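Printed here is target.cif (mmCIF, C-alpha atoms and all ligand atoms):
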```cif
data_start
#
loop_
_atom_site.group_PDB
_atom_site.id
_atom_site.type_symbol
_atom_site.label_atom_id
_atom_site.label_comp_id
_atom_site.auth_asym_id
_atom_site.auth_seq_id
_atom_site.Cartn_x
_atom_site.Cartn_y
_atom_site.Cartn_z
ATOM 1 C CA MET A 1 -2.179 11.506 1.309
ATOM 2 C CA SER A 2 -0.459 10.170 4.422
ATOM 3 C CA VAL A 3 1.067 6.681 4.568
ATOM 4 C CA ASP A 4 -1.670 5.615 7.000
ATOM 5 C CA ASP A 5 -4.417 6.861 4.682
ATOM 6 C CA PHE A 6 -2.746 5.038 1.803
ATOM 7 C CA LYS A 7 -2.708 1.777 3.773
ATOM 8 C CA ALA A 8 -6.365 2.180 4.752
ATOM 9 C CA ARG A 9 -7.160 2.615 1.057
ATOM 10 C CA ALA A 10 -4.951 -0.332 0.092
ATOM 11 C CA ARG A 11 -6.764 -2.529 2.558
ATOM 12 C CA ALA A 12 -10.147 -1.512 1.111
ATOM 13 C CA MET A 13 -8.832 -1.886 -2.453
ATOM 14 C CA TRP A 14 -7.629 -5.472 -2.059
ATOM 15 C CA ALA A 15 -11.012 -6.426 -0.563
ATOM 16 C CA LEU A 16 -12.804 -5.275 -3.736
ATOM 17 C CA GLY A 17 -13.814 -7.701 -6.454
ATOM 18 C CA ASP A 18 -12.604 -11.252 -5.961
ATOM 19 C CA PHE A 19 -8.839 -11.350 -5.469
ATOM 20 C CA PRO A 20 -8.869 -14.975 -4.213
ATOM 21 C CA ARG A 21 -10.340 -15.941 -7.594
ATOM 22 C CA VAL A 22 -7.713 -13.911 -9.474
ATOM 23 C CA ALA A 23 -4.971 -15.623 -7.461
ATOM 24 C CA ARG A 24 -6.440 -19.083 -8.097
ATOM 25 C CA GLU A 25 -6.940 -18.504 -11.801
ATOM 26 C CA THR A 26 -3.906 -16.456 -12.850
ATOM 27 C CA ILE A 27 -0.956 -17.095 -10.510
ATOM 28 C CA ALA A 28 -1.561 -20.629 -9.243
ATOM 29 C CA ASP A 29 1.941 -21.915 -10.086
ATOM 30 C CA VAL A 30 3.819 -19.138 -8.306
ATOM 31 C CA GLY A 31 3.269 -20.167 -4.658
ATOM 32 C CA PRO A 32 4.339 -23.810 -5.060
ATOM 33 C CA THR A 33 7.363 -22.731 -7.149
ATOM 34 C CA LEU A 34 8.461 -20.176 -4.547
ATOM 35 C CA VAL A 35 8.004 -22.667 -1.702
ATOM 36 C CA ALA A 36 10.200 -25.182 -3.539
ATOM 37 C CA SER A 37 12.857 -22.572 -4.369
ATOM 38 C CA ALA A 38 12.950 -21.385 -0.756
ATOM 39 C CA GLY A 39 13.386 -24.999 0.417
ATOM 40 C CA VAL A 40 10.529 -25.082 2.926
ATOM 41 C CA ARG A 41 10.886 -28.301 4.919
ATOM 42 C CA THR A 42 8.789 -30.164 7.453
ATOM 43 C CA GLY A 43 8.654 -28.252 10.711
ATOM 44 C CA ALA A 44 10.198 -25.045 9.312
ATOM 45 C CA LYS A 45 8.777 -21.902 10.881
ATOM 46 C CA VAL A 46 7.418 -19.915 7.933
ATOM 47 C CA LEU A 47 5.980 -16.403 7.704
ATOM 48 C CA ASP A 48 4.086 -15.371 4.565
ATOM 49 C CA VAL A 49 3.996 -11.555 4.388
ATOM 50 C CA ALA A 50 1.045 -9.883 2.620
ATOM 51 C CA ALA A 51 -0.270 -13.390 2.146
ATOM 52 C CA GLY A 52 -3.700 -12.456 0.818
ATOM 53 C CA SER A 53 -5.806 -15.595 0.545
ATOM 54 C CA GLY A 54 -2.831 -17.902 0.944
ATOM 55 C CA ALA A 55 -1.538 -18.554 -2.589
ATOM 56 C CA THR A 56 1.895 -19.162 -1.050
ATOM 57 C CA SER A 57 0.996 -19.899 2.591
ATOM 58 C CA ILE A 58 -1.065 -22.968 1.712
ATOM 59 C CA PRO A 59 1.634 -24.585 -0.492
ATOM 60 C CA ALA A 60 4.131 -23.822 2.311
ATOM 61 C CA ALA A 61 1.906 -25.662 4.783
ATOM 62 C CA LEU A 62 1.437 -28.525 2.297
ATOM 63 C CA ALA A 63 5.250 -28.759 2.159
ATOM 64 C CA GLY A 64 5.260 -29.312 5.933
ATOM 65 C CA GLY A 65 5.913 -25.750 7.127
ATOM 66 C CA ASP A 66 4.523 -24.367 10.350
ATOM 67 C CA VAL A 67 2.994 -21.323 8.653
ATOM 68 C CA ILE A 68 1.759 -17.908 9.749
ATOM 69 C CA ALA A 69 -0.009 -15.965 6.988
ATOM 70 C CA SER A 70 -0.094 -12.208 7.627
ATOM 71 C CA ASP A 71 -1.859 -9.512 5.631
ATOM 72 C CA LEU A 72 -3.439 -6.064 5.879
ATOM 73 C CA THR A 73 -6.812 -7.179 4.478
ATOM 74 C CA PRO A 74 -9.024 -9.242 6.812
ATOM 75 C CA GLU A 75 -11.406 -10.311 4.014
ATOM 76 C CA LEU A 76 -8.536 -12.048 2.218
ATOM 77 C CA LEU A 77 -7.322 -13.742 5.386
ATOM 78 C CA GLU A 78 -10.853 -15.069 5.870
ATOM 79 C CA ALA A 79 -10.886 -16.459 2.317
ATOM 80 C CA GLY A 80 -7.484 -18.028 3.003
ATOM 81 C CA ARG A 81 -8.773 -19.612 6.192
ATOM 82 C CA HIS A 82 -11.474 -21.406 4.178
ATOM 83 C CA ALA A 83 -9.042 -22.380 1.413
ATOM 84 C CA ALA A 84 -6.627 -23.899 3.950
ATOM 85 C CA ILE A 85 -9.414 -25.950 5.519
ATOM 86 C CA ALA A 86 -10.410 -27.169 2.051
ATOM 87 C CA ALA A 87 -6.763 -28.094 1.376
ATOM 88 C CA GLY A 88 -6.575 -29.934 4.702
ATOM 89 C CA VAL A 89 -3.738 -27.883 6.192
ATOM 90 C CA ALA A 90 -3.324 -25.778 9.320
ATOM 91 C CA VAL A 91 -2.235 -22.160 8.774
ATOM 92 C CA GLN A 92 -2.381 -19.337 11.325
ATOM 93 C CA TRP A 93 -3.975 -16.177 9.838
ATOM 94 C CA THR A 94 -2.912 -12.816 11.302
ATOM 95 C CA GLU A 95 -3.701 -9.224 10.405
ATOM 96 C CA ALA A 96 -0.398 -7.354 10.048
ATOM 97 C CA ASP A 97 1.275 -4.505 8.187
ATOM 98 C CA ALA A 98 4.403 -5.563 6.268
ATOM 99 C CA GLU A 99 6.072 -2.349 7.497
ATOM 100 C CA ALA A 100 5.520 -3.224 11.172
ATOM 101 C CA LEU A 101 5.442 -6.996 11.550
ATOM 102 C CA PRO A 102 4.182 -8.033 15.009
ATOM 103 C CA PHE A 103 6.829 -10.750 15.445
ATOM 104 C CA ASP A 104 10.047 -11.032 17.423
ATOM 105 C CA ASP A 105 13.442 -10.689 15.804
ATOM 106 C CA ALA A 106 14.830 -13.866 14.200
ATOM 107 C CA SER A 107 11.648 -15.856 14.730
ATOM 108 C CA PHE A 108 11.277 -17.542 11.301
ATOM 109 C CA ASP A 109 13.348 -20.008 9.290
ATOM 110 C CA VAL A 110 11.709 -18.837 6.067
ATOM 111 C CA VAL A 111 10.008 -15.528 5.247
ATOM 112 C CA LEU A 112 8.010 -15.526 2.015
ATOM 113 C CA SER A 113 6.043 -12.975 0.026
ATOM 114 C CA SER A 114 4.424 -13.416 -3.379
ATOM 115 C CA PHE A 115 3.359 -10.137 -5.006
ATOM 116 C CA GLY A 116 2.611 -8.918 -1.494
ATOM 117 C CA ALA A 117 5.316 -7.026 0.414
ATOM 118 C CA MET A 118 6.067 -5.207 -2.858
ATOM 119 C CA PHE A 119 2.786 -3.293 -2.441
ATOM 120 C CA ALA A 120 3.674 -1.709 0.918
ATOM 121 C CA PRO A 121 4.714 1.904 0.267
ATOM 122 C CA ARG A 122 8.135 2.228 1.973
ATOM 123 C CA HIS A 123 10.447 -0.362 0.482
ATOM 124 C CA GLN A 124 13.379 0.022 2.857
ATOM 125 C CA VAL A 125 11.104 -0.269 5.889
ATOM 126 C CA VAL A 126 9.671 -3.506 4.465
ATOM 127 C CA ALA A 127 13.082 -4.959 3.552
ATOM 128 C CA ASP A 128 14.331 -4.223 7.077
ATOM 129 C CA GLU A 129 11.282 -5.955 8.542
ATOM 130 C CA LEU A 130 11.732 -9.072 6.373
ATOM 131 C CA LEU A 131 15.368 -9.261 7.480
ATOM 132 C CA ARG A 132 14.554 -8.591 11.135
ATOM 133 C CA VAL A 133 12.058 -11.455 11.536
ATOM 134 C CA ALA A 134 14.182 -14.015 9.605
ATOM 135 C CA ARG A 135 16.705 -15.919 11.711
ATOM 136 C CA PRO A 136 20.394 -15.552 10.824
ATOM 137 C CA GLY A 137 21.018 -18.075 8.031
ATOM 138 C CA GLY A 138 17.295 -18.193 7.310
ATOM 139 C CA THR A 139 15.730 -17.683 3.896
ATOM 140 C CA ILE A 140 13.735 -14.830 2.442
ATOM 141 C CA GLY A 141 11.841 -15.739 -0.726
ATOM 142 C CA MET A 142 9.878 -13.286 -2.816
ATOM 143 C CA ALA A 143 7.994 -13.250 -6.107
ATOM 144 C CA ASN A 144 7.860 -9.686 -7.460
ATOM 145 C CA TRP A 145 6.309 -8.402 -10.681
ATOM 146 C CA THR A 146 8.940 -6.899 -12.971
ATOM 147 C CA PRO A 147 8.603 -3.352 -14.351
ATOM 148 C CA GLY A 148 8.732 -4.556 -17.964
ATOM 149 C CA GLY A 149 6.591 -7.691 -17.527
ATOM 150 C CA TRP A 150 2.880 -7.999 -18.248
ATOM 151 C CA VAL A 151 1.587 -7.042 -14.804
ATOM 152 C CA GLY A 152 4.109 -4.196 -14.466
ATOM 153 C CA GLN A 153 2.942 -2.794 -17.801
ATOM 154 C CA PHE A 154 -0.728 -3.367 -16.920
ATOM 155 C CA PHE A 155 -0.241 -1.225 -13.783
ATOM 156 C CA LEU A 156 1.534 1.398 -15.888
ATOM 157 C CA VAL A 157 -1.622 1.741 -18.007
ATOM 158 C CA MET A 158 -3.804 2.107 -14.897
ATOM 159 C CA VAL A 159 -1.595 4.393 -12.772
ATOM 160 C CA PRO A 160 -2.651 7.708 -14.438
ATOM 161 C CA PHE A 161 -6.248 6.821 -13.549
ATOM 162 C CA MET A 162 -5.497 5.919 -9.908
ATOM 163 C CA PRO A 163 -4.979 8.003 -6.733
ATOM 164 C CA PRO A 164 -1.299 9.035 -6.319
ATOM 165 C CA LEU A 165 1.157 7.301 -4.001
ATOM 166 C CA PRO A 166 1.870 9.018 -0.663
ATOM 167 C CA GLU A 167 5.068 11.037 -0.245
ATOM 168 C CA GLY A 168 8.059 8.756 0.353
ATOM 169 C CA ALA A 169 6.390 5.774 -1.331
ATOM 170 C CA LEU A 170 8.029 3.990 -4.240
ATOM 171 C CA PRO A 171 6.334 2.209 -7.154
ATOM 172 C CA PRO A 172 5.763 -1.470 -6.264
ATOM 173 C CA VAL A 173 7.368 -2.847 -9.447
ATOM 174 C CA LEU A 174 10.783 -1.535 -8.386
ATOM 175 C CA TRP A 175 10.871 -4.732 -6.299
ATOM 176 C CA GLY A 176 11.111 -6.517 -9.650
ATOM 177 C CA SER A 177 14.473 -4.840 -10.318
ATOM 178 C CA GLU A 178 17.545 -6.804 -9.196
ATOM 179 C CA GLU A 179 19.550 -3.654 -8.428
ATOM 180 C CA HIS A 180 16.797 -2.250 -6.244
ATOM 181 C CA VAL A 181 16.452 -5.485 -4.248
ATOM 182 C CA ARG A 182 20.250 -5.744 -3.877
ATOM 183 C CA THR A 183 20.358 -2.219 -2.475
ATOM 184 C CA LEU A 184 17.408 -2.775 -0.129
ATOM 185 C CA PHE A 185 18.823 -5.959 1.428
ATOM 186 C CA GLY A 186 22.416 -4.648 1.399
ATOM 187 C CA ASP A 187 24.720 -6.469 3.814
ATOM 188 C CA GLY A 188 21.729 -7.915 5.637
ATOM 189 C CA VAL A 189 22.025 -10.912 3.309
ATOM 190 C CA SER A 190 24.937 -13.244 2.628
ATOM 191 C CA GLU A 191 23.502 -14.714 -0.594
ATOM 192 C CA LEU A 192 21.084 -13.346 -3.137
ATOM 193 C CA THR A 193 19.758 -15.290 -6.127
ATOM 194 C CA PHE A 194 17.506 -13.888 -8.824
ATOM 195 C CA THR A 195 15.492 -15.935 -11.292
ATOM 196 C CA ARG A 196 13.185 -14.514 -13.930
ATOM 197 C CA ARG A 197 10.126 -16.698 -14.189
ATOM 198 C CA VAL A 198 6.960 -16.610 -16.233
ATOM 199 C CA GLN A 199 3.437 -17.539 -15.220
ATOM 200 C CA PRO A 200 1.501 -18.472 -18.376
ATOM 201 C CA VAL A 201 -2.093 -17.219 -18.467
ATOM 202 C CA THR A 202 -3.875 -19.099 -21.207
ATOM 203 C CA HIS A 203 -7.538 -19.321 -20.289
ATOM 204 C CA PHE A 204 -8.922 -15.943 -21.434
ATOM 205 C CA PRO A 205 -10.639 -16.463 -24.802
ATOM 206 C CA SER A 206 -10.021 -12.863 -25.956
ATOM 207 C CA PRO A 207 -8.373 -9.577 -24.923
ATOM 208 C CA GLN A 208 -11.843 -8.181 -24.141
ATOM 209 C CA ALA A 209 -12.574 -11.154 -21.874
ATOM 210 C CA LEU A 210 -9.318 -10.465 -20.024
ATOM 211 C CA VAL A 211 -10.157 -6.761 -19.532
ATOM 212 C CA ASP A 212 -13.702 -7.563 -18.371
ATOM 213 C CA TYR A 213 -12.351 -10.095 -15.898
ATOM 214 C CA TYR A 214 -9.929 -7.591 -14.329
ATOM 215 C CA LYS A 215 -12.639 -4.882 -14.259
ATOM 216 C CA SER A 216 -14.882 -7.184 -12.216
ATOM 217 C CA ASN A 217 -12.414 -9.027 -10.026
ATOM 218 C CA PHE A 218 -9.161 -7.115 -9.484
ATOM 219 C CA GLY A 219 -9.150 -4.383 -6.819
ATOM 220 C CA PRO A 220 -6.606 -2.022 -8.477
ATOM 221 C CA THR A 221 -8.540 -2.109 -11.780
ATOM 222 C CA ILE A 222 -11.828 -1.512 -9.951
ATOM 223 C CA ILE A 223 -10.226 1.480 -8.164
ATOM 224 C CA ALA A 224 -8.975 2.902 -11.476
ATOM 225 C CA TYR A 225 -12.522 2.745 -12.882
ATOM 226 C CA ASN A 226 -14.067 4.106 -9.656
ATOM 227 C CA SER A 227 -11.647 7.062 -9.775
ATOM 228 C CA VAL A 228 -12.979 8.189 -13.177
ATOM 229 C CA ALA A 229 -16.565 6.973 -12.756
ATOM 230 C CA ASP A 230 -18.003 10.499 -12.999
ATOM 231 C CA ASP A 231 -16.116 11.219 -16.246
ATOM 232 C CA PRO A 232 -17.421 9.188 -19.217
ATOM 233 C CA GLY A 233 -14.571 10.414 -21.456
ATOM 234 C CA ARG A 234 -11.871 9.213 -19.063
ATOM 235 C CA THR A 235 -13.713 5.924 -18.506
ATOM 236 C CA ALA A 236 -13.833 5.323 -22.265
ATOM 237 C CA GLU A 237 -10.128 6.211 -22.472
ATOM 238 C CA LEU A 238 -9.289 3.668 -19.767
ATOM 239 C CA ASP A 239 -11.392 1.032 -21.559
ATOM 240 C CA LEU A 240 -9.527 1.685 -24.793
ATOM 241 C CA LYS A 241 -6.061 1.734 -23.227
ATOM 242 C CA LEU A 242 -6.594 -1.530 -21.351
ATOM 243 C CA LEU A 243 -8.030 -3.272 -24.399
ATOM 244 C CA ASP A 244 -5.215 -1.988 -26.592
ATOM 245 C CA PHE A 245 -2.673 -3.272 -24.067
ATOM 246 C CA ALA A 246 -4.414 -6.661 -23.769
ATOM 247 C CA GLU A 247 -4.372 -6.992 -27.573
ATOM 248 C CA ARG A 248 -0.731 -5.900 -27.986
ATOM 249 C CA SER A 249 0.523 -8.160 -25.207
ATOM 250 C CA ARG A 250 -1.228 -11.324 -26.387
ATOM 251 C CA GLY A 251 1.030 -14.079 -27.668
ATOM 252 C CA ASP A 252 0.221 -17.279 -29.554
ATOM 253 C CA ASP A 253 -0.720 -19.033 -26.295
ATOM 254 C CA GLY A 254 -2.324 -16.137 -24.467
ATOM 255 C CA TRP A 255 -0.389 -13.990 -21.997
ATOM 256 C CA GLU A 256 2.824 -14.436 -20.015
ATOM 257 C CA PHE A 257 3.215 -12.784 -16.621
ATOM 258 C CA GLU A 258 6.929 -12.297 -15.916
ATOM 259 C CA TYR A 259 8.141 -12.022 -12.328
ATOM 260 C CA LEU A 260 11.433 -11.897 -10.460
ATOM 261 C CA GLU A 261 11.952 -14.647 -7.930
ATOM 262 C CA VAL A 262 14.271 -13.524 -5.139
ATOM 263 C CA ILE A 263 15.917 -16.000 -2.774
ATOM 264 C CA ALA A 264 18.042 -14.392 -0.062
ATOM 265 C CA ARG A 265 20.016 -15.866 2.827
ATOM 266 C CA ARG A 266 19.901 -13.727 5.973
ATOM 267 C CA ALA A 267 23.426 -12.839 7.021
ATOM 268 C CA SER A 268 24.570 -14.470 10.280
HETATM 269 C C1 LIG A 301 -1.512 -8.965 -5.189
HETATM 270 S S1 LIG A 301 -2.063 -9.383 -3.568
HETATM 271 C C2 LIG A 301 -1.037 -10.829 -3.276
HETATM 272 C C3 LIG A 301 -1.559 -11.739 -2.202
HETATM 273 C C4 LIG A 301 -0.861 -13.083 -2.075
HETATM 274 N N1 LIG A 301 0.487 -12.961 -1.566
HETATM 275 C C5 LIG A 301 -0.876 -13.870 -3.350
HETATM 276 O O1 LIG A 301 0.201 -14.233 -3.866
HETATM 277 O O2 LIG A 301 -1.975 -14.151 -3.848
HETATM 278 C C6 LIG A 301 -1.316 -8.110 -2.599
HETATM 279 C C7 LIG A 301 -1.551 -8.298 -1.119
HETATM 280 O O3 LIG A 301 -0.757 -7.346 -0.408
HETATM 281 C C8 LIG A 301 -1.493 -6.973 0.743
HETATM 282 N N2 LIG A 301 -0.893 -5.728 1.237
HETATM 283 C C9 LIG A 301 -0.805 -4.545 0.607
HETATM 284 N N3 LIG A 301 -0.151 -3.659 1.389
HETATM 285 C C10 LIG A 301 0.177 -4.319 2.529
HETATM 286 C C11 LIG A 301 0.870 -3.945 3.713
HETATM 287 N N4 LIG A 301 1.344 -2.716 3.908
HETATM 288 N N5 LIG A 301 1.036 -4.889 4.672
HETATM 289 C C12 LIG A 301 0.539 -6.141 4.507
HETATM 290 N N6 LIG A 301 -0.134 -6.536 3.426
HETATM 291 C C13 LIG A 301 -0.301 -5.640 2.441
HETATM 292 C C14 LIG A 301 -2.913 -6.869 0.247
HETATM 293 O O4 LIG A 301 -3.851 -6.892 1.277
HETATM 294 C C15 LIG A 301 -2.993 -8.073 -0.668
HETATM 295 O O5 LIG A 301 -3.409 -9.207 0.027
#
```
Go through the file and emit its structure as C-alpha cells.
Ligand SMILES: C[S@@+](CC[C@H](N)C(=O)[O-])C[C@H]1O[C@@H](n2cnc3c(N)ncnc32)[C@H](O)[C@@H]1O
Amino acid sequence: MSVDDFKARARAMWALGDFPRVARETIADVGPTLVASAGVRTGAKVLDVAAGSGATSIPAALAGGDVIASDLTPELLEAGRHAAIAAGVAVQWTEADAEALPFDDASFDVVLSSFGAMFAPRHQVVADELLRVARPGGTIGMANWTPGGWVGQFFLVMVPFMPPLPEGALPPVLWGSEEHVRTLFGDGVSELTFTRRVQPVTHFPSPQALVDYYKSNFGPTIIAYNSVADDPGRTAELDLKLLDFAERSRGDDGWEFEYLEVIARRAS
C-alpha cells in the first residue's frame, strides 16, 4: 500500500464510529493538561496538529490562544466546529496532512498534538514539519501513547487483524518512546522535557462493556473487525483477545491510559 492510500484509509477510519465521543469520554483531561504544560497564553498563535474534534484545540482557545485546528478527517473537524461553538470559543478548522502542513515557516508560538501527529506514517517527516512551523524559541507539546501503556497494548492486540502499514511507515506508539522522540527532534530543539502521565478511565462497568464500546465507537477497532468480517473464526478470536486484554488490564478503579507528554523548545 502506498503512503497516499494509507492516508486515504486513515481518513476514512477516523470518521468511523464516534471518535468525538471517545475523546470526550476517555481522554478529557489530556487536552487541558497539555495546554497548561505548554504554557499557552492569551494571544499566542497555536496550531493543533491532527486535532480531530478539538480535544486540545478547544482548551487552547479557552486558555486565550489564537488557535488553528488541523486534521486529515473533515468529519472530525466538523464535530470540533460544533464543540467550539458550544464552548463559546473561536477556533479555525483546517483540513491538513501532518506530513505537509500548509503553513509558513516559524508561524506559531505553540504547536500541539494530542494522540494525533503520532498516527501519520513517516515520523521524521512529521517531526520536521512540527519544527518548521514553530517559531524559534516556540513550544512543541505532544501527548503520545506509550508502547507499554494501555492504549499501546490495545493496538498491539488489534494490529494482526488490521491492514499492514505502508513501506517506510513506523508504528505510531514509537512516539511514546523518549529515545525515539529525542532522535526525531535532534538539534532542532534546545530543550526537551518528558513526563509520563496517566488518564484514568473509570466509567466502564465491565471489561465486556469496554470492548463493546470500542467496537461501536473507535475507528481502528471497527477496521480490525471489518478486516475479518468474512471469517467467523478470526472474528471470534479478536473478540476473545480483546476481552482477555480488557480483563487483564483492569485495576481496582478501572483502567489507566499511560501517555508520554513531550514539551520541546524549538532551537533558535
Ligand atoms: C486518536 S485521534 C486524536 C484526535 C485529537 N488530537 C484528540 O486528542 O482527540 C487521531 C487523529 O489523527 C488524525 N490523523 C491521522 N493521520 C493524520 C495525518 N497524516 N495528518 C493529519 N491528521 C491525521 C485523524 O484524523 C484523527 O483525528
Edge lengths and centre in Å, axis-aligned, segment 154-170 of chain A plus 3 Å each side, as JSON:
```
{"center_x": 0.9, "center_y": 3.8, "center_z": -8.8, "size_x": 20.3, "size_y": 20.4, "size_z": 24.4}
```
Using all atoms listed in the file, tabulate the residues of chain A lying at most 7 Å from any atom of ligand LIG 301 (chain A), each with its closest atom pair and that distance in Å to one decimal, by chain and increasing residue number, as CSV.
```
residue,atom,partner,partner_atom,distance
A:Lys7,CA,A:LIG301,N4,6.1
A:Ala10,CA,A:LIG301,C9,5.9
A:Arg11,CA,A:LIG301,O4,5.4
A:Trp14,CA,A:LIG301,O4,5.2
A:Pro20,CA,A:LIG301,O2,7.0
A:Ala23,CA,A:LIG301,O2,4.9
A:Gly31,CA,A:LIG301,O1,6.7
A:Val49,CA,A:LIG301,C12,6.4
A:Ala50,CA,A:LIG301,N6,3.6
A:Ala51,CA,A:LIG301,N1,3.8
A:Gly52,CA,A:LIG301,O5,3.4
A:Ser53,CA,A:LIG301,O2,6.0
A:Gly54,CA,A:LIG301,C4,6.0
A:Ala55,CA,A:LIG301,O2,4.6
A:Thr56,CA,A:LIG301,O1,5.9
A:Ser70,CA,A:LIG301,C12,6.9
A:Asp71,CA,A:LIG301,N6,4.1
A:Leu72,CA,A:LIG301,N6,4.1
A:Thr73,CA,A:LIG301,O4,4.4
A:Leu76,CA,A:LIG301,O5,6.3
A:Ala96,CA,A:LIG301,C12,5.7
A:Asp97,CA,A:LIG301,N5,3.5
A:Ala98,CA,A:LIG301,N5,3.8
A:Glu99,CA,A:LIG301,N4,5.9
A:Ser113,CA,A:LIG301,N1,5.8
A:Ser114,CA,A:LIG301,O1,4.3
A:Phe115,CA,A:LIG301,C2,4.8
A:Gly116,CA,A:LIG301,O3,3.9
A:Ala117,CA,A:LIG301,C13,6.1
A:Phe119,CA,A:LIG301,N3,4.8
A:Ala120,CA,A:LIG301,N4,3.9
A:Pro121,CA,A:LIG301,N4,6.8
```
Selected residues written out with C-alpha atoms, as a compact mmCIF listing (two decimals), keeping the file's coordinate frame:
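Output below, filename result_28.txt:
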```txt
# COMPACT_ATOMS: atom_id res chain seq x y z
CA LYS A 7 -2.71 1.78 3.77
CA ALA A 10 -4.95 -0.33 0.09
CA ARG A 11 -6.76 -2.53 2.56
CA TRP A 14 -7.63 -5.47 -2.06
CA PRO A 20 -8.87 -14.98 -4.21
CA ALA A 23 -4.97 -15.62 -7.46
CA GLY A 31 3.27 -20.17 -4.66
CA VAL A 49 4.00 -11.56 4.39
CA ALA A 50 1.04 -9.88 2.62
CA ALA A 51 -0.27 -13.39 2.15
CA GLY A 52 -3.70 -12.46 0.82
CA SER A 53 -5.81 -15.60 0.55
CA GLY A 54 -2.83 -17.90 0.94
CA ALA A 55 -1.54 -18.55 -2.59
CA THR A 56 1.90 -19.16 -1.05
CA SER A 70 -0.09 -12.21 7.63
CA ASP A 71 -1.86 -9.51 5.63
CA LEU A 72 -3.44 -6.06 5.88
CA THR A 73 -6.81 -7.18 4.48
CA LEU A 76 -8.54 -12.05 2.22
CA ALA A 96 -0.40 -7.35 10.05
CA ASP A 97 1.27 -4.50 8.19
CA ALA A 98 4.40 -5.56 6.27
CA GLU A 99 6.07 -2.35 7.50
CA SER A 113 6.04 -12.98 0.03
CA SER A 114 4.42 -13.42 -3.38
CA PHE A 115 3.36 -10.14 -5.01
CA GLY A 116 2.61 -8.92 -1.49
CA ALA A 117 5.32 -7.03 0.41
CA PHE A 119 2.79 -3.29 -2.44
CA ALA A 120 3.67 -1.71 0.92
CA PRO A 121 4.71 1.90 0.27
```
Which is closer to Leu210 of chain A than all the others in A:Met118, A:Thr183, A:Ser249, A:Thr193, using all atoms listed in the file?
A:Ser249
What's the 8 Å shell around Leu130 of chain A, counting all atoms listed in the file, without same-chain residues fewer than 4 positions away, as a compact mmCIF listing (two decimals) with C-alpha atoms, in the coordinates of the input?
```
# COMPACT_ATOMS: atom_id res chain seq x y z
CA VAL A 111 10.01 -15.53 5.25
CA VAL A 126 9.67 -3.51 4.46
CA ALA A 134 14.18 -14.02 9.60
CA ILE A 140 13.74 -14.83 2.44
```
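For the set A:Asp29, A:Trp175, A:Arg248, A:Phe161, the residue with the smallest atom-to-atom gap to Ala236 of chain A is A:Phe161, counting all atoms listed in the file.
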Report the residues retrieved by the PyMOL selection byres (((chain A and resi 143) around 8) and not hetatm) from the displayed file, expressed as a list in words.
Val30, Leu34, Ser113, Ser114, Phe115, Gly141, Met142, Asn144, Trp145, Tyr259, Leu260, Glu261 and Val262 of chain A
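Put simply, the PyMOL selection byres (((chain A and resi 258) around 8) and not hetatm) in this file takes in Trp145, Thr146, Gly149, Trp150, Val151, Arg196, Arg197, Val198, Gln199, Glu256, Phe257, Tyr259 and Leu260 of chain A.
Checking A:Ala84, A:Val189, A:Leu238, A:Ala229 one by one against Leu131 of chain A, counting only C-alpha atoms, you find the shortest gap at A:Val189.
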Could you write out as a PyMOL selection string the residues that the PyMOL selection byres (((chain A and resi 225) around 10) and not hetatm) matches in the shown file?
chain A and resi 158+161-162+215+219-224+226-231+234-236+238-239
Which protein, DNA or RNA residues have an atom at most 6 Å from (-0.2, -15.0, -21.6), counting only C-alpha atoms? List them as a PyMOL selection string.
chain A and resi 200-202+254-256
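You will find atom CA of Thr139 of chain A at 23.4 Å from atom CA of Leu77 of chain A.
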Between atom CA of Gln208 of chain A and atom CA of Gly80 of chain A, measure the distance and give it in Å to one decimal.
29.2 Å
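Those residues that approach His203 of chain A to within 9 Å, counting only C-alpha atoms, are Glu25, Thr26, Ser206 and Gly254 of chain A; same-chain residues fewer than 3 positions away are not listed.
Between atom CA of Phe218 of chain A and atom CA of Ala100 of chain A lies a distance of 25.6 Å.
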Within-9 Å shell of (25.9, -10.8, 3.4) in input frame, all atoms listed in the file, as a list in words
Phe185, Gly186, Asp187, Gly188, Val189, Ser190, Glu191, Leu192, Arg265, Arg266, Ala267 and Ser268 of chain A
Grab the residues selected above and save them as a PDB file, in the frame of the given file with C-alpha atoms.
```pdb
ATOM      1  CA  PHE A 185      18.823  -5.959   1.428  1.00  0.00           C
ATOM      2  CA  GLY A 186      22.416  -4.648   1.399  1.00  0.00           C
ATOM      3  CA  ASP A 187      24.720  -6.469   3.814  1.00  0.00           C
ATOM      4  CA  GLY A 188      21.729  -7.915   5.637  1.00  0.00           C
ATOM      5  CA  VAL A 189      22.025 -10.912   3.309  1.00  0.00           C
ATOM      6  CA  SER A 190      24.937 -13.244   2.628  1.00  0.00           C
ATOM      7  CA  GLU A 191      23.502 -14.714  -0.594  1.00  0.00           C
ATOM      8  CA  LEU A 192      21.084 -13.346  -3.137  1.00  0.00           C
ATOM      9  CA  ARG A 265      20.016 -15.866   2.827  1.00  0.00           C
ATOM     10  CA  ARG A 266      19.901 -13.727   5.973  1.00  0.00           C
ATOM     11  CA  ALA A 267      23.426 -12.839   7.021  1.00  0.00           C
ATOM     12  CA  SER A 268      24.570 -14.470  10.280  1.00  0.00           C
TER      13      SER A 268
END
```
Have a look at A:Arg122, A:Phe204, A:Ser216, A:Asp5 and name the one nearest to Asp253 of chain A; count only C-alpha atoms.
A:Phe204
From A:Ile27, A:Leu242, A:Ala86, A:Leu101, residue lying nearest Leu156 of chain A [only C-alpha atoms]
A:Leu242
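Minimum distance to Asp104 of chain A across A:Arg132, A:His82, A:His123, A:Arg182 (counting all atoms listed in the file) occurs at A:Arg132.
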